[in-house]
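Engineer: final02.txt is reproduced in full below (compact mmCIF, C-alpha atoms).
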```
# COMPACT_ATOMS: atom_id res chain seq x y z
CA MET A 2 -50.05 27.26 40.29
CA GLU A 3 -47.67 24.32 40.64
CA TRP A 4 -48.78 22.80 37.38
CA ILE A 5 -48.05 26.09 35.63
CA LEU A 6 -44.50 26.08 37.03
CA GLY A 7 -44.09 22.46 35.98
CA LEU A 8 -45.29 23.24 32.48
CA LEU A 9 -42.92 26.22 32.31
CA VAL A 10 -39.97 24.01 33.29
CA LEU A 11 -40.87 21.50 30.57
CA VAL A 12 -41.14 24.24 27.97
CA LEU A 13 -37.78 25.72 28.96
CA GLY A 14 -36.16 22.26 28.86
CA ALA A 15 -37.58 21.52 25.43
CA THR A 16 -36.44 24.91 24.19
CA ALA A 17 -32.89 24.28 25.41
CA ILE A 18 -32.77 20.94 23.62
CA ILE A 19 -34.02 22.50 20.38
CA VAL A 20 -31.45 25.32 20.62
CA ILE A 21 -28.59 22.85 21.12
CA TYR A 22 -29.79 20.69 18.23
CA LEU A 23 -30.14 23.66 15.88
CA SER A 24 -26.71 24.91 16.89
CA GLU A 25 -25.15 21.60 15.87
CA ARG A 26 -27.07 21.62 12.57
CA ILE A 27 -25.90 25.15 11.83
CA ASN A 28 -22.28 24.09 12.37
CA VAL A 29 -22.78 21.24 9.93
CA PHE A 30 -24.30 23.52 7.28
CA GLU A 31 -21.55 26.09 7.79
CA THR A 32 -18.97 23.38 7.26
CA LEU A 33 -20.64 22.10 4.11
CA LEU A 34 -21.02 25.60 2.72
CA GLY A 35 -17.49 26.63 3.67
CA LEU A 36 -18.73 29.32 6.05
CA ASN A 37 -17.07 27.90 9.12
CA PRO A 38 -13.80 29.83 9.56
CA LYS A 39 -12.03 26.65 10.69
CA VAL A 40 -12.88 24.87 7.45
CA THR A 41 -11.35 26.25 4.27
CA THR A 42 -12.74 25.71 0.80
CA ASP A 43 -9.76 23.51 -0.10
CA LYS A 44 -10.25 21.29 2.92
CA LEU A 45 -13.95 20.95 2.21
CA ALA A 46 -13.34 20.05 -1.45
CA GLU A 47 -10.70 17.51 -0.43
CA HIS A 48 -13.03 15.93 2.12
CA VAL A 49 -15.84 15.61 -0.45
CA THR A 50 -13.53 14.19 -3.15
CA TYR A 51 -11.23 11.89 -1.19
CA GLY A 52 -13.00 11.30 2.10
CA PRO A 53 -11.78 12.16 5.61
CA ASN A 54 -8.10 12.62 6.36
CA PRO A 55 -7.05 10.24 9.17
CA PHE A 56 -4.26 12.69 10.08
CA GLY A 57 -6.49 15.71 10.61
CA ASP A 58 -4.91 18.91 9.29
CA LEU A 59 -1.65 17.18 8.36
CA ASN A 60 -1.25 16.36 4.69
CA GLY A 61 1.50 16.02 2.11
CA GLU A 62 4.77 17.77 2.99
CA ASN A 63 3.34 19.12 6.26
CA LEU A 64 2.66 15.55 7.36
CA TRP A 65 6.25 14.59 6.52
CA LYS A 66 7.58 17.62 8.42
CA ALA A 67 5.51 16.79 11.46
CA MET A 68 6.76 13.21 11.48
CA THR A 69 10.39 14.26 11.06
CA GLY A 70 10.14 16.93 13.74
CA GLU A 71 10.47 19.89 11.39
CA LYS A 72 8.64 23.13 12.10
CA ILE A 73 5.41 23.72 10.21
CA GLU A 74 5.10 27.32 9.07
CA ASP A 75 1.29 27.43 8.85
CA PRO A 76 -0.06 28.44 12.31
CA ASN A 77 -3.56 27.21 11.42
CA ILE A 78 -2.45 23.58 11.23
CA GLU A 79 -3.00 21.56 14.37
CA VAL A 80 -0.36 18.85 14.72
CA GLY A 81 -2.07 16.89 17.47
CA ASP A 82 -0.72 13.74 19.14
CA LEU A 83 1.58 12.13 16.57
CA ASN A 84 2.07 8.99 18.64
CA LYS A 85 -1.52 8.01 17.97
CA VAL A 86 -1.02 8.05 14.19
CA LYS A 87 2.55 6.71 13.94
CA SER A 88 1.47 3.21 12.95
CA ARG A 89 -0.86 4.59 10.29
CA TYR A 90 1.88 6.77 8.88
CA GLU A 91 4.26 3.82 8.59
CA MET A 92 1.68 2.10 6.40
CA VAL A 93 1.27 5.25 4.29
CA LEU A 94 5.01 5.72 3.77
CA SER A 95 5.51 2.03 3.03
CA ARG A 96 2.80 2.09 0.41
CA HIS A 97 4.36 5.19 -1.18
CA ILE A 98 7.70 3.39 -1.44
CA GLU A 99 6.18 0.26 -2.95
CA THR A 100 4.10 2.20 -5.47
CA LEU A 101 7.10 4.18 -6.71
CA ILE A 102 9.01 0.98 -7.46
CA GLU A 103 5.98 -0.65 -9.07
CA ASP A 104 5.44 2.44 -11.24
CA GLY A 105 9.04 2.21 -12.39
CA ARG A 106 8.69 -1.49 -13.20
CA PHE A 107 5.47 -0.92 -15.10
CA ASP A 108 7.00 1.85 -17.20
CA GLY A 109 10.17 -0.20 -17.68
CA ARG A 110 8.21 -3.11 -19.15
CA ALA A 111 6.42 -0.71 -21.50
CA GLY A 112 9.63 1.08 -22.47
CA GLU A 113 8.27 4.35 -21.09
CA ARG A 114 9.28 6.88 -18.47
CA SER A 115 7.18 9.20 -16.29
CA GLN A 116 7.77 11.75 -13.55
CA PRO A 117 8.42 10.12 -10.15
CA LYS A 118 5.73 11.10 -7.66
CA SER A 119 7.32 12.76 -4.67
CA THR A 120 3.77 13.48 -3.47
CA MET A 121 1.22 10.71 -3.84
CA ARG A 122 -2.30 10.19 -2.53
CA ILE A 123 -2.58 6.99 -0.52
CA SER A 124 -5.99 5.41 0.06
CA MET A 125 -6.70 3.98 3.48
CA LEU A 126 -9.47 1.98 5.07
CA ARG A 127 -11.30 5.20 5.87
CA GLY A 128 -10.43 8.17 3.69
CA SER A 129 -7.03 9.00 2.24
CA VAL A 130 -4.02 11.26 2.68
CA GLU A 131 -1.25 12.73 0.54
CA SER A 132 2.11 11.14 1.28
CA TYR A 133 5.34 13.04 0.68
CA MET A 134 8.99 12.10 0.55
CA PRO A 135 12.04 14.06 -0.67
CA TYR A 136 12.36 14.02 -4.45
CA VAL A 137 15.86 12.51 -4.44
CA GLU A 138 14.66 9.34 -2.71
CA ALA A 139 11.43 9.20 -4.70
CA SER A 140 13.30 9.54 -8.00
CA ARG A 141 15.81 6.82 -7.13
CA LEU A 142 13.11 4.36 -6.05
CA TYR A 143 11.38 4.88 -9.39
CA GLU A 144 14.67 4.36 -11.25
CA ILE A 145 15.29 1.14 -9.34
CA GLY A 146 11.90 -0.09 -10.54
CA GLN A 147 13.00 0.66 -14.10
CA GLU A 148 16.33 -1.15 -13.65
CA ILE A 149 14.66 -4.23 -12.17
CA GLU A 150 13.02 -4.74 -15.57
CA THR A 151 15.83 -3.53 -17.84
CA LYS A 152 18.83 -4.88 -15.88
CA PRO A 153 17.65 -8.06 -14.12
CA GLU A 154 21.24 -9.19 -13.60
CA LYS A 155 21.57 -6.41 -10.96
CA ALA A 156 18.55 -7.66 -8.98
CA ASP A 157 20.42 -8.47 -5.76
CA LYS A 158 22.29 -5.16 -5.74
CA LEU A 159 19.05 -3.24 -6.42
CA ALA A 160 17.26 -5.03 -3.59
CA SER A 161 20.00 -4.02 -1.16
CA GLU A 162 19.84 -0.42 -2.36
CA VAL A 163 16.07 -0.31 -1.81
CA ASP A 164 16.53 -1.38 1.80
CA GLU A 165 19.23 1.26 2.30
CA ILE A 166 16.88 3.99 1.03
CA VAL A 167 14.04 2.71 3.20
CA ASP A 168 16.33 2.67 6.24
CA ASP A 169 17.26 6.30 5.58
CA LEU A 170 13.61 7.38 5.23
CA PHE A 171 12.49 5.39 8.26
CA VAL A 172 15.23 6.82 10.48
CA GLN A 173 14.07 10.34 9.64
CA VAL A 174 10.53 9.60 10.88
CA GLY A 175 11.55 7.41 13.81
CA PHE A 176 10.73 3.97 12.38
CA GLU A 177 12.75 0.76 12.23
CA ARG A 178 12.56 -1.47 9.17
CA THR A 179 11.46 -5.00 10.07
CA ARG A 180 11.37 -6.58 6.61
CA SER A 181 13.20 -6.38 3.31
CA PHE A 182 11.33 -4.08 0.93
CA GLY A 183 13.81 -4.84 -1.84
CA ARG A 184 13.44 -8.62 -1.73
CA ALA A 185 9.67 -8.40 -1.53
CA LEU A 186 9.44 -6.24 -4.65
CA LEU A 187 11.88 -8.13 -6.87
CA PRO A 188 10.55 -10.57 -9.50
CA GLN A 189 10.02 -13.94 -7.88
CA VAL A 190 11.48 -17.10 -9.39
CA ASP A 191 9.44 -20.28 -9.14
CA ASP A 192 11.58 -22.91 -7.41
CA ASP A 193 9.48 -25.70 -8.92
CA ASP A 194 10.42 -24.52 -12.41
CA GLU A 195 14.10 -24.53 -11.50
CA ASN A 196 13.88 -28.05 -10.06
CA PHE A 197 11.97 -29.24 -13.09
CA ASP A 198 14.76 -28.08 -15.39
CA ASP A 199 17.22 -30.23 -13.42
CA LEU A 200 15.26 -33.44 -13.94
CA PRO A 201 16.79 -35.99 -16.40
CA ASP A 202 15.11 -36.50 -19.76
CA PRO A 203 12.81 -39.56 -19.95
CA GLU A 204 14.42 -42.69 -21.45
CA PRO A 205 13.21 -43.76 -24.91
CA ASP A 206 10.86 -46.74 -25.24
CA THR A 207 12.61 -50.12 -25.37
CA PRO A 208 11.36 -53.62 -26.08
CA GLU A 209 11.64 -54.39 -22.38
CA SER A 210 8.92 -51.79 -21.70
CA ASP A 211 6.37 -53.89 -23.66
CA ASP A 212 3.50 -55.28 -21.63
CA THR A 213 4.14 -58.78 -23.03
CA LEU A 214 5.90 -61.05 -20.57
CA ALA A 215 9.36 -62.15 -21.71
CA LEU A 216 9.80 -65.90 -22.33
CA PRO A 217 12.79 -67.91 -21.18
CA PRO A 218 15.60 -68.22 -23.73
CA GLY A 219 14.99 -70.88 -26.40
CA GLU A 220 11.22 -70.90 -26.04
CA GLU A 221 8.89 -69.35 -28.56
CA LYS A 222 5.26 -68.56 -28.23
CA THR A 223 3.06 -70.63 -30.60
CA ASP A 224 -0.56 -70.59 -31.64
CA SER A 225 -1.18 -73.77 -29.67
CA ASP A 226 -0.23 -71.95 -26.53
CA ASP A 227 -2.98 -69.41 -27.18
CA THR A 228 -5.66 -72.15 -27.58
CA ARG A 229 -5.01 -73.88 -24.30
```
Show me, as structure tokens, the structure contained in the file I just sent.

Structural biologist:
Amino acid sequence: MEWILGLLVLVLGATAIIVIYLSERINVFETLLGLNPKVTTDKLAEHVTYGPNPFGDLNGENLWKAMTGEKIEDPNIEVGDLNKVKSRYEMVLSRHIETLIEDGRFDGRAGERSQPKSTMRISMLRGSVESYMPYVEASRLYEIGQEIETKPEKADKLASEVDEIVDDLFVQVGFERTRSFGRALLPQVDDDDENFDDLPDPEPDTPESDDTLALPPGEEKTDSDDTR
């Protein structure tokens, strides 16, 4: 009788484990098929195409709003603990700023012009996220990139303006700039080349530079001297 009870307990335990396992598998399949009500088709397609979003439900303009303290209209979006992702977001925003300027410089060198990307997908170590900034700032950063190539004489002024824009963006999301974005993105001049230009020209060859030793005045070298 006891062994029957023991066997029954084992069967029930095994059944519980199988039910839990199958329940987890069903959730996975529902997510992949878009049947889970918490996972929309758009989110599933984005996950498959770009990988996981390190910021959860926050993406694009909603991510910017969350970081700036603005209200997000969509009630289905979970904001979560923003303090845990602040450092990641600083990297995302910084990369967005740098890419806008580099895009402008690239187009400036080619004599072309494209639409500044107020929203831009930023790749991260694991997954990616859409970064957003107001169009006014995004457009000006792109234009600065253009002017760096077309108006190099304004380089110092442009570098200062970049830092002013970055300061304004960082203040809105609660960051403090610790380096000069403008100086880092300006064309670098090789100091060695500048120093090389300052070097005097080499002196022309003179008789004194000959390897032959000079003789004292009044003495000439003769053939007899060579045969000694």

Engineer: Neighbouring residues of range 82-87 of chain A were defined as those with any atom within 10 Å, considering all atoms listed in the file; residues of the same chain fewer than 5 positions away were excluded. Please report them as a PyMOL selection string.

Structural biologist: chain A and resi 55-56+64+67-68+92-93+174-176

Engineer: Report the distance between CA of Gly109 in chain A and CA of Arg141 in chain A in Å, rounded to one decimal place.

Structural biologist: 13.9 Å

Engineer: What is the distance, in Å and to one decimal place, between CA of Met134 in chain A and CA of Asp168 in chain A?

Structural biologist: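 Value for the CA of Met134 in chain A-CA of Asp168 in chain A distance: 13.2 Å.
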
Engineer: Measuring atom to atom with only C-alpha atoms, identify which of A:Thr120, A:Ser115, A:Asn77, A:Ser181 is nearest to Gly57 in chain A.

Structural biologist: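 Between A:Thr120, A:Ser115, A:Asn77, A:Ser181, the residue approaching Gly57 in chain A most closely is A:Asn77.
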
Engineer: Between CA of Arg106 in chain A and CA of Arg127 in chain A, measure the distance and give it in Å to one decimal.

Structural biologist: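 Calculated distance between CA of Arg106 in chain A and CA of Arg127 in chain A is 28.4 Å.
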
Engineer: Quick one: residues within 12 Å of Arg122 in chain A, all atoms listed in the file, excluding same-chain residues fewer than 4 positions away - as a PyMOL selection string?

Structural biologist: chain A and resi 47+50-52+54+60-62+93-94+96-97+100-101+118+128-134

Engineer: Rank nothing, just name the residue among A:Leu187, A:Leu13, A:Val137, A:Met125 nearest to Glu99 in chain A, using only C-alpha atoms.

Structural biologist: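 Among A:Leu187, A:Leu13, A:Val137, A:Met125, it is A:Leu187 that comes nearest to Glu99 in chain A.
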
Engineer: Between A:Gln147, A:Thr16, A:Ser140, A:Ser95, single out the one closest to Ile123 in chain A, counting all atoms listed in the file.

Structural biologist: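 Result for the nearest residue to Ile123 in chain A: A:Ser95.
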
Engineer: For Asp108 in chain A, which of A:Ile149, A:Ile19, A:Leu8, A:Leu186 is the closest residue, counting all atoms listed in the file?

Structural biologist: A:Ile149

Engineer: Please, which residues are within 12 Å of (9.9, -7.3, 5.5) by the file's coordinates, counting all atoms listed in the file, and could they come as a list in words?

Structural biologist: Ser95, Glu99, Ala160, Val163, Asp164, Val167, Asp168, Glu177, Arg178, Thr179, Arg180, Ser181, Phe182, Gly183, Arg184, Ala185 and Leu186 of chain A

Engineer: Have a look at A:Ser124, A:Gly146, A:Glu91, A:Asp75 and name the one nearest to Phe107 in chain A; count all atoms listed in the file.

Structural biologist: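 When distances to Phe107 in chain A are compared using all atoms listed in the file, the smallest one comes from A:Gly146.
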
Engineer: Please reconstruct the missing atoms of range 117-146 of chain A (target: N, CA and C atoms) and return them as a PDB file, keeping the file's coordinate frame.

Structural biologist:
```pdb
ATOM      1  N   PRO A 117       8.595  10.750 -11.463  1.00  0.00           N
ATOM      2  CA  PRO A 117       8.420  10.120 -10.150  1.00  0.00           C
ATOM      3  C   PRO A 117       7.555  11.002  -9.241  1.00  0.00           C
ATOM      4  N   LYS A 118       6.680  10.372  -8.484  1.00  0.00           N
ATOM      5  CA  LYS A 118       5.730  11.100  -7.660  1.00  0.00           C
ATOM      6  C   LYS A 118       6.275  11.287  -6.250  1.00  0.00           C
ATOM      7  N   SER A 119       6.850  12.449  -6.012  1.00  0.00           N
ATOM      8  CA  SER A 119       7.320  12.760  -4.670  1.00  0.00           C
ATOM      9  C   SER A 119       6.148  12.929  -3.710  1.00  0.00           C
ATOM     10  N   THR A 120       5.020  13.399  -4.233  1.00  0.00           N
ATOM     11  CA  THR A 120       3.770  13.480  -3.470  1.00  0.00           C
ATOM     12  C   THR A 120       2.749  12.556  -4.111  1.00  0.00           C
ATOM     13  N   MET A 121       2.130  11.723  -3.303  1.00  0.00           N
ATOM     14  CA  MET A 121       1.220  10.710  -3.840  1.00  0.00           C
ATOM     15  C   MET A 121       0.054  10.505  -2.867  1.00  0.00           C
ATOM     16  N   ARG A 122      -1.147  10.434  -3.399  1.00  0.00           N
ATOM     17  CA  ARG A 122      -2.300  10.190  -2.530  1.00  0.00           C
ATOM     18  C   ARG A 122      -2.415   8.699  -2.248  1.00  0.00           C
ATOM     19  N   ILE A 123      -2.507   8.375  -0.973  1.00  0.00           N
ATOM     20  CA  ILE A 123      -2.580   6.990  -0.520  1.00  0.00           C
ATOM     21  C   ILE A 123      -3.966   6.742   0.076  1.00  0.00           C
ATOM     22  N   SER A 124      -4.667   5.777  -0.463  1.00  0.00           N
ATOM     23  CA  SER A 124      -5.990   5.410   0.060  1.00  0.00           C
ATOM     24  C   SER A 124      -5.825   4.535   1.288  1.00  0.00           C
ATOM     25  N   MET A 125      -6.718   4.758   2.253  1.00  0.00           N
ATOM     26  CA  MET A 125      -6.700   3.980   3.480  1.00  0.00           C
ATOM     27  C   MET A 125      -8.076   3.378   3.697  1.00  0.00           C
ATOM     28  N   LEU A 126      -8.201   2.634   4.792  1.00  0.00           N
ATOM     29  CA  LEU A 126      -9.470   1.980   5.070  1.00  0.00           C
ATOM     30  C   LEU A 126     -10.594   2.995   5.155  1.00  0.00           C
ATOM     31  N   ARG A 127     -10.325   4.113   5.770  1.00  0.00           N
ATOM     32  CA  ARG A 127     -11.300   5.200   5.870  1.00  0.00           C
ATOM     33  C   ARG A 127     -10.642   6.494   5.405  1.00  0.00           C
ATOM     34  N   GLY A 128     -10.976   6.930   4.215  1.00  0.00           N
ATOM     35  CA  GLY A 128     -10.430   8.170   3.690  1.00  0.00           C
ATOM     36  C   GLY A 128      -9.091   7.970   3.008  1.00  0.00           C
ATOM     37  N   SER A 129      -8.334   9.042   2.899  1.00  0.00           N
ATOM     38  CA  SER A 129      -7.030   9.000   2.240  1.00  0.00           C
ATOM     39  C   SER A 129      -6.203  10.190   2.696  1.00  0.00           C
ATOM     40  N   VAL A 130      -4.926  10.179   2.315  1.00  0.00           N
ATOM     41  CA  VAL A 130      -4.020  11.260   2.680  1.00  0.00           C
ATOM     42  C   VAL A 130      -2.940  11.365   1.616  1.00  0.00           C
ATOM     43  N   GLU A 131      -2.382  12.550   1.439  1.00  0.00           N
ATOM     44  CA  GLU A 131      -1.250  12.730   0.540  1.00  0.00           C
ATOM     45  C   GLU A 131       0.038  12.407   1.289  1.00  0.00           C
ATOM     46  N   SER A 132       0.819  11.486   0.713  1.00  0.00           N
ATOM     47  CA  SER A 132       2.110  11.140   1.280  1.00  0.00           C
ATOM     48  C   SER A 132       3.201  11.902   0.536  1.00  0.00           C
ATOM     49  N   TYR A 133       4.225  12.302   1.270  1.00  0.00           N
ATOM     50  CA  TYR A 133       5.340  13.040   0.680  1.00  0.00           C
ATOM     51  C   TYR A 133       6.658  12.428   1.112  1.00  0.00           C
ATOM     52  N   MET A 134       7.614  12.407   0.190  1.00  0.00           N
ATOM     53  CA  MET A 134       8.990  12.100   0.550  1.00  0.00           C
ATOM     54  C   MET A 134       9.905  12.968  -0.308  1.00  0.00           C
ATOM     55  N   PRO A 135      11.124  13.241   0.122  1.00  0.00           N
ATOM     56  CA  PRO A 135      12.040  14.060  -0.670  1.00  0.00           C
ATOM     57  C   PRO A 135      12.191  13.514  -2.091  1.00  0.00           C
ATOM     58  N   TYR A 136      12.348  14.415  -3.046  1.00  0.00           N
ATOM     59  CA  TYR A 136      12.360  14.020  -4.450  1.00  0.00           C
ATOM     60  C   TYR A 136      13.540  13.115  -4.792  1.00  0.00           C
ATOM     61  N   VAL A 137      14.680  13.329  -4.146  1.00  0.00           N
ATOM     62  CA  VAL A 137      15.860  12.510  -4.440  1.00  0.00           C
ATOM     63  C   VAL A 137      15.563  11.034  -4.196  1.00  0.00           C
ATOM     64  N   GLU A 138      14.987  10.727  -3.038  1.00  0.00           N
ATOM     65  CA  GLU A 138      14.660   9.340  -2.710  1.00  0.00           C
ATOM     66  C   GLU A 138      13.550   8.808  -3.615  1.00  0.00           C
ATOM     67  N   ALA A 139      12.535   9.640  -3.853  1.00  0.00           N
ATOM     68  CA  ALA A 139      11.430   9.200  -4.700  1.00  0.00           C
ATOM     69  C   ALA A 139      11.913   8.885  -6.113  1.00  0.00           C
ATOM     70  N   SER A 140      12.783   9.737  -6.656  1.00  0.00           N
ATOM     71  CA  SER A 140      13.300   9.540  -8.000  1.00  0.00           C
ATOM     72  C   SER A 140      14.133   8.261  -8.096  1.00  0.00           C
ATOM     73  N   ARG A 141      14.961   8.019  -7.084  1.00  0.00           N
ATOM     74  CA  ARG A 141      15.810   6.820  -7.130  1.00  0.00           C
ATOM     75  C   ARG A 141      14.995   5.546  -7.007  1.00  0.00           C
ATOM     76  N   LEU A 142      13.971   5.546  -6.173  1.00  0.00           N
ATOM     77  CA  LEU A 142      13.110   4.360  -6.050  1.00  0.00           C
ATOM     78  C   LEU A 142      12.431   4.044  -7.379  1.00  0.00           C
ATOM     79  N   TYR A 143      11.989   5.078  -8.076  1.00  0.00           N
ATOM     80  CA  TYR A 143      11.380   4.880  -9.390  1.00  0.00           C
ATOM     81  C   TYR A 143      12.406   4.315 -10.373  1.00  0.00           C
ATOM     82  N   GLU A 144      13.623   4.836 -10.349  1.00  0.00           N
ATOM     83  CA  GLU A 144      14.670   4.360 -11.250  1.00  0.00           C
ATOM     84  C   GLU A 144      15.029   2.908 -10.954  1.00  0.00           C
ATOM     85  N   ILE A 145      15.020   2.536  -9.693  1.00  0.00           N
ATOM     86  CA  ILE A 145      15.290   1.140  -9.340  1.00  0.00           C
ATOM     87  C   ILE A 145      14.227   0.238  -9.943  1.00  0.00           C
ATOM     88  N   GLY A 146      12.962   0.685  -9.896  1.00  0.00           N
ATOM     89  CA  GLY A 146      11.900  -0.090 -10.540  1.00  0.00           C
ATOM     90  C   GLY A 146      12.166  -0.278 -12.021  1.00  0.00           C
TER      91      GLY A 146
END
```
